[in-house]
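**Q** Let me give you the structure first, and then I'll get to my questions.
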Amino acid sequence: MSSSRSGLSRVLVAVAAAALVSVSSAGPQAWGPSGVQYGQPGRPLKLLCPGVTSGTSVSWFQDGEPRLLQGPNSGLGHELFLAQVESTDEGTYTCQTPDGALRGMVILQLGYPPARPVVSCQATDYENFSCTWSPGQVSGLPTRYLLSYRKKTVPGAEGQRMSASTGPWPCPQEPPGAARCVVHGAEFWSQYRINVTEVNPLGSNTRLLDVSLQSILRPDPPQGLRVESVPGHPRRLHASWMYPASWPRQPHFLLKFQLQYRSAQYPVWSTLESTGLEEMITDAVEGLPHAVRISARDFLDAGTWSAWSPEAWATPSSGKILNHKEEQNWPSFSTTPPQPSLQPDPWQLDNSDPLEQVSVLACLGIFSFLGLLAGALALGLWLKLRPGGKAGSQKSGFWTPMIPVV
Ligand SMILES: *[C@@H]1O[C@H](CO)[C@@H](O)[C@H](O)[C@H]1NC(C)=O
Ligand SMILES: *[C@@H]1O[C@H](CO)[C@@H](O)[C@H](O)[C@H]1NC(C)=O
């Protein structure tokens, strides 16, 4: 726990550092590998000779070409002006003072300012959600993303007060460097505003996305789906499954399930809804393999159904013809566990243990004996009390005659 905390704080520091860098990089040339300057195709551009003070005149050469690009008398000092850069202008430039004392080198790389990033958010449990993004357009330049979120306040409900609890907070990238960040411990019913800002040396662009956990919730599919035949029941299949590992079970956040099954020869799925972790299919086709799959959703219908689990296959057990008839006439209790006995239910009373029947009779006997005894006691008491004075006993209540009269 503490190691994951410190990991998180490291990420937070990294994000904060990134934010600081972006603030200090007001000039478009200021970040990326040192010695590289950036420009956009079709636009004018000024290259600056590094290590030379602004008033100094320099000559410019393109790498590998002896031809002078711009002489020292251009009046532009240490700048090289390119009216309209094209991809053929990319490469290495050198600059030097007329006496050859100072030399600088610049690499020109072309690309585009960021387009607005494409962002989407997902939740597979009820208190964390993640957002992923991709560039709206490939910029061809070094790029970083600044990620933050704030809790949206309902207008009027919180007044004008901007409380610290509404953010913004950094949304840490998980794993570090991935195009994905995670908001932990979100409130199920709150609205959040996600800010994904793409930054490159030519500028920045922001996408804002409003998200609420309960609307984006989509659980992972249930796990461990098992389907088994039920001995003696040729039309039954018993299915059981588990919660997805990503959904800790908690009384306030339960899942409900949708079970689908079909026989190998029939393309259409039948559907059963269930709130438990097992279900009995009672109309399977005898002797045919069946496919079964299952999906989960928040118990109160928040979000959407999960993807389907992988299919599980089973074939109902073959039964005798007598059993088959019985099967169709019985009411089907879909949640009863499979009967381990090969005997159909109606025979069960006749076949029950004689010892059980004896003990039932014994119980009945004991109860009737106790009843008789109570009746006799009551009668005896009444007979005994009657001669002690009708008026007194009626007025003073039941216990009065027990008190000795002096
Ligand atoms: C939310 O994320 C935290 C940290 O990864 C985890 O410990 C917790 O179990 C998650 N919550 C749910 C409901 O899965
Ligand atoms: C989005 O994030 C960027 C970078 O952190 C910030 O400059 C900008 O103000 C934010 N926009 C909004 C609307 O919060």
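Letters A, B, ... mark the chains of the structure tokens in the order given; residue numbers begin at 1 per chain; ligand numbers begin at 1, in order shown.
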List all protein, DNA and RNA residues that have at least one atom no more than 8 Å from any atom of ligand 2, counting only C-alpha atoms and all ligand atoms, and write them as a CSV table (one decimal) with N, CA, C and O atoms, in the first residue's frame.
**A**
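This went into result-v1.csv:
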```
chain,number,residue,atom,x,y,z
A,19,ALA,N,4.2,20.5,-15.7
A,19,ALA,CA,3.4,21.7,-15.8
A,19,ALA,C,4.4,22.9,-15.7
A,19,ALA,O,4.2,23.9,-16.4
A,146,LEU,N,-0.7,17.3,-20.6
A,146,LEU,CA,-1.0,17.8,-19.2
A,146,LEU,C,-2.4,17.3,-18.9
A,146,LEU,O,-3.3,17.7,-19.7
A,147,LEU,N,-2.6,16.6,-17.8
A,147,LEU,CA,-3.8,16.0,-17.5
A,147,LEU,C,-4.3,16.4,-16.2
A,147,LEU,O,-3.6,16.3,-15.2
A,148,SER,N,-5.5,16.9,-16.1
A,148,SER,CA,-6.1,17.3,-14.8
A,148,SER,C,-7.6,17.1,-14.9
A,148,SER,O,-8.2,16.9,-15.9
A,168,PRO,N,-8.6,22.1,-9.6
A,168,PRO,CA,-8.2,20.8,-10.4
A,168,PRO,C,-7.1,20.0,-9.7
A,168,PRO,O,-6.3,20.6,-9.0
A,195,ASN,N,-9.5,17.5,-18.2
A,195,ASN,CA,-8.8,18.5,-19.1
A,195,ASN,C,-7.5,17.7,-19.6
A,195,ASN,O,-6.6,17.4,-18.9
A,196,VAL,N,-7.5,17.4,-20.9
A,196,VAL,CA,-6.4,16.8,-21.6
A,196,VAL,C,-5.8,17.9,-22.5
A,196,VAL,O,-6.4,18.3,-23.5
A,197,THR,N,-4.6,18.3,-22.2
A,197,THR,CA,-4.0,19.4,-23.0
A,197,THR,C,-2.7,18.8,-23.7
A,197,THR,O,-1.8,18.3,-23.0
A,206,THR,N,-6.4,22.1,-26.0
A,206,THR,CA,-7.0,21.4,-24.8
A,206,THR,C,-8.4,20.8,-25.2
A,206,THR,O,-9.1,21.4,-26.0
A,207,ARG,N,-8.6,19.6,-24.7
A,207,ARG,CA,-9.9,19.0,-24.8
A,207,ARG,C,-10.5,18.8,-23.4
A,207,ARG,O,-9.8,18.3,-22.5
A,208,LEU,N,-11.7,19.4,-23.3
A,208,LEU,CA,-12.4,19.2,-22.0
A,208,LEU,C,-13.5,18.2,-22.2
A,208,LEU,O,-14.2,18.2,-23.2
```
**Q** Identify which of the residues A:Pro267, A:Gly91, A:Gly51, A:Gly100 lies closest to Pro72 in chain A, counting only C-alpha atoms when measuring atom-to-atom distances.
**A**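 For Pro72 in chain A, the nearest of the candidates is A:Gly100.
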**Q** Just checking: using only C-alpha atoms and all ligand atoms, which residue out of A:Arg67, A:Arg144, A:His252, A:Arg150 ends up closest to ligand 1?
**A**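 Of A:Arg67, A:Arg144, A:His252, A:Arg150, the one nearest ligand 1 is A:His252, counting only C-alpha atoms and all ligand atoms.
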**Q** Got a sec to tell me which of range 22-255 of chain A DSSP assigns to strand (DSSP E or B), as a PyMOL selection string?
**A** chain A and resi 36-39+45-48+59-62+68-70+79-82+91-96+103-110+118-123+129-134+144-151+169-170+173+180-183+191-200+203-212+217+223-230+233-242+250+253+255
**Q** Around ligand 1, out to 6 Å and counting only C-alpha atoms and all ligand atoms, which residues are there? I want them as a list of chain:residue names.
**A**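 Sorted by chain and then by number, the residues are A:Asp125, A:Tyr126, A:Glu127, A:Asn128, A:His184, A:Ser246, A:Trp247, A:Pro248.
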**Q** Could those selected residues go to a file with all heavy atoms, as a short mmCIF file (atom, residue, chain, number, x, y, z; two decimals), in the first residue's frame?
**A**
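Once everything was written out, this is selection-v8.cif:
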```
data_model
loop_
_atom_site.label_atom_id
_atom_site.label_comp_id
_atom_site.auth_asym_id
_atom_site.auth_seq_id
_atom_site.Cartn_x
_atom_site.Cartn_y
_atom_site.Cartn_z
N ASP A 125 -15.10 -0.26 -12.54
CA ASP A 125 -15.60 -0.46 -11.17
C ASP A 125 -16.26 0.83 -10.72
O ASP A 125 -16.34 1.79 -11.49
CB ASP A 125 -14.48 -0.90 -10.21
CG ASP A 125 -13.46 0.20 -9.94
OD1 ASP A 125 -13.86 1.26 -9.41
OD2 ASP A 125 -12.25 0.02 -10.23
N TYR A 126 -16.74 0.85 -9.46
CA TYR A 126 -17.60 1.93 -9.04
C TYR A 126 -16.88 3.06 -8.31
O TYR A 126 -17.52 3.92 -7.73
CB TYR A 126 -18.73 1.39 -8.15
CG TYR A 126 -18.23 0.37 -7.14
CD1 TYR A 126 -17.67 0.78 -5.95
CD2 TYR A 126 -18.31 -0.99 -7.41
CE1 TYR A 126 -17.19 -0.14 -5.04
CE2 TYR A 126 -17.83 -1.92 -6.51
CZ TYR A 126 -17.28 -1.50 -5.32
OH TYR A 126 -16.80 -2.42 -4.44
N GLU A 127 -15.54 3.06 -8.32
CA GLU A 127 -14.88 4.21 -7.70
C GLU A 127 -13.61 4.68 -8.40
O GLU A 127 -12.97 5.60 -7.93
CB GLU A 127 -14.61 3.94 -6.21
CG GLU A 127 -13.69 2.80 -5.94
CD GLU A 127 -13.54 2.51 -4.44
OE1 GLU A 127 -14.47 2.82 -3.67
OE2 GLU A 127 -12.50 1.97 -4.08
N ASN A 128 -13.27 4.07 -9.51
CA ASN A 128 -12.12 4.53 -10.28
C ASN A 128 -12.53 4.64 -11.75
O ASN A 128 -13.29 3.81 -12.23
CB ASN A 128 -10.96 3.52 -10.20
CG ASN A 128 -10.55 3.24 -8.76
OD1 ASN A 128 -10.16 4.14 -8.04
ND2 ASN A 128 -10.64 1.98 -8.37
N HIS A 184 -8.67 8.03 -9.17
CA HIS A 184 -9.00 7.07 -8.12
C HIS A 184 -9.97 7.69 -7.13
O HIS A 184 -9.92 8.88 -6.85
CB HIS A 184 -7.74 6.64 -7.37
CG HIS A 184 -6.85 5.73 -8.18
ND1 HIS A 184 -7.16 4.42 -8.44
CD2 HIS A 184 -5.67 5.96 -8.81
CE1 HIS A 184 -6.22 3.87 -9.17
NE2 HIS A 184 -5.30 4.79 -9.42
N SER A 246 -12.15 -7.27 -11.18
CA SER A 246 -12.02 -5.82 -11.07
C SER A 246 -13.18 -5.20 -10.28
O SER A 246 -13.21 -3.98 -10.12
CB SER A 246 -11.97 -5.21 -12.48
OG SER A 246 -13.12 -5.61 -13.20
N TRP A 247 -14.14 -6.00 -9.84
CA TRP A 247 -15.32 -5.45 -9.15
C TRP A 247 -15.41 -6.04 -7.74
O TRP A 247 -16.02 -7.09 -7.55
CB TRP A 247 -16.58 -5.78 -9.94
CG TRP A 247 -17.81 -5.10 -9.42
CD1 TRP A 247 -18.51 -5.41 -8.29
CD2 TRP A 247 -18.52 -4.01 -10.02
NE1 TRP A 247 -19.59 -4.58 -8.14
CE2 TRP A 247 -19.63 -3.70 -9.19
CE3 TRP A 247 -18.32 -3.25 -11.18
CZ2 TRP A 247 -20.52 -2.69 -9.49
CZ3 TRP A 247 -19.22 -2.25 -11.46
CH2 TRP A 247 -20.31 -1.96 -10.63
N PRO A 248 -14.80 -5.35 -6.76
CA PRO A 248 -14.89 -5.87 -5.39
C PRO A 248 -16.36 -5.88 -4.96
O PRO A 248 -17.08 -4.91 -5.18
CB PRO A 248 -14.09 -4.86 -4.57
CG PRO A 248 -13.27 -4.10 -5.53
CD PRO A 248 -14.04 -4.10 -6.83
#
```
**Q** Quick one: everything within 8 Å of Pro98 in chain A, counting only C-alpha atoms, minus sequence neighbours fewer than 6 positions away in the same chain. Send it as a PyMOL selection string.
**A** chain A and resi 57-59+72
**Q** Atoms to include: N, CA and C atoms. Write the selected residues as an mmCIF file, in the first residue's frame.
**A**
```
data_model
loop_
_atom_site.group_PDB
_atom_site.id
_atom_site.type_symbol
_atom_site.label_atom_id
_atom_site.label_comp_id
_atom_site.auth_asym_id
_atom_site.auth_seq_id
_atom_site.Cartn_x
_atom_site.Cartn_y
_atom_site.Cartn_z
ATOM 1 N N SER A 57 26.922 39.999 -35.795
ATOM 2 C CA SER A 57 26.613 39.527 -37.145
ATOM 3 C C SER A 57 27.267 38.180 -37.388
ATOM 4 N N VAL A 58 26.534 37.290 -38.027
ATOM 5 C CA VAL A 58 27.077 35.959 -38.319
ATOM 6 C C VAL A 58 26.785 35.591 -39.762
ATOM 7 N N SER A 59 27.518 34.588 -40.282
ATOM 8 C CA SER A 59 27.230 33.982 -41.580
ATOM 9 C C SER A 59 26.569 32.628 -41.327
ATOM 10 N N PRO A 72 27.189 38.090 -43.429
ATOM 11 C CA PRO A 72 27.213 38.801 -42.152
ATOM 12 C C PRO A 72 26.652 40.220 -42.253
#
```
**Q** What lies within 10 Å of Asp89 in chain A using only C-alpha atoms, ignoring chain neighbours under 2 positions off, as a list in words?
**A**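 The contact residues come out as Pro41, Gln62, Leu82, Gln84, Val85, Glu86, Ser87, Gly91, Thr92, Tyr93, Leu108, Gln109 and Leu110 of chain A.
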**Q** For CA of Leu272 in chain A and CA of Ala123 in chain A, quote the distance in Å rounded to one decimal.
**A** 25.2 Å
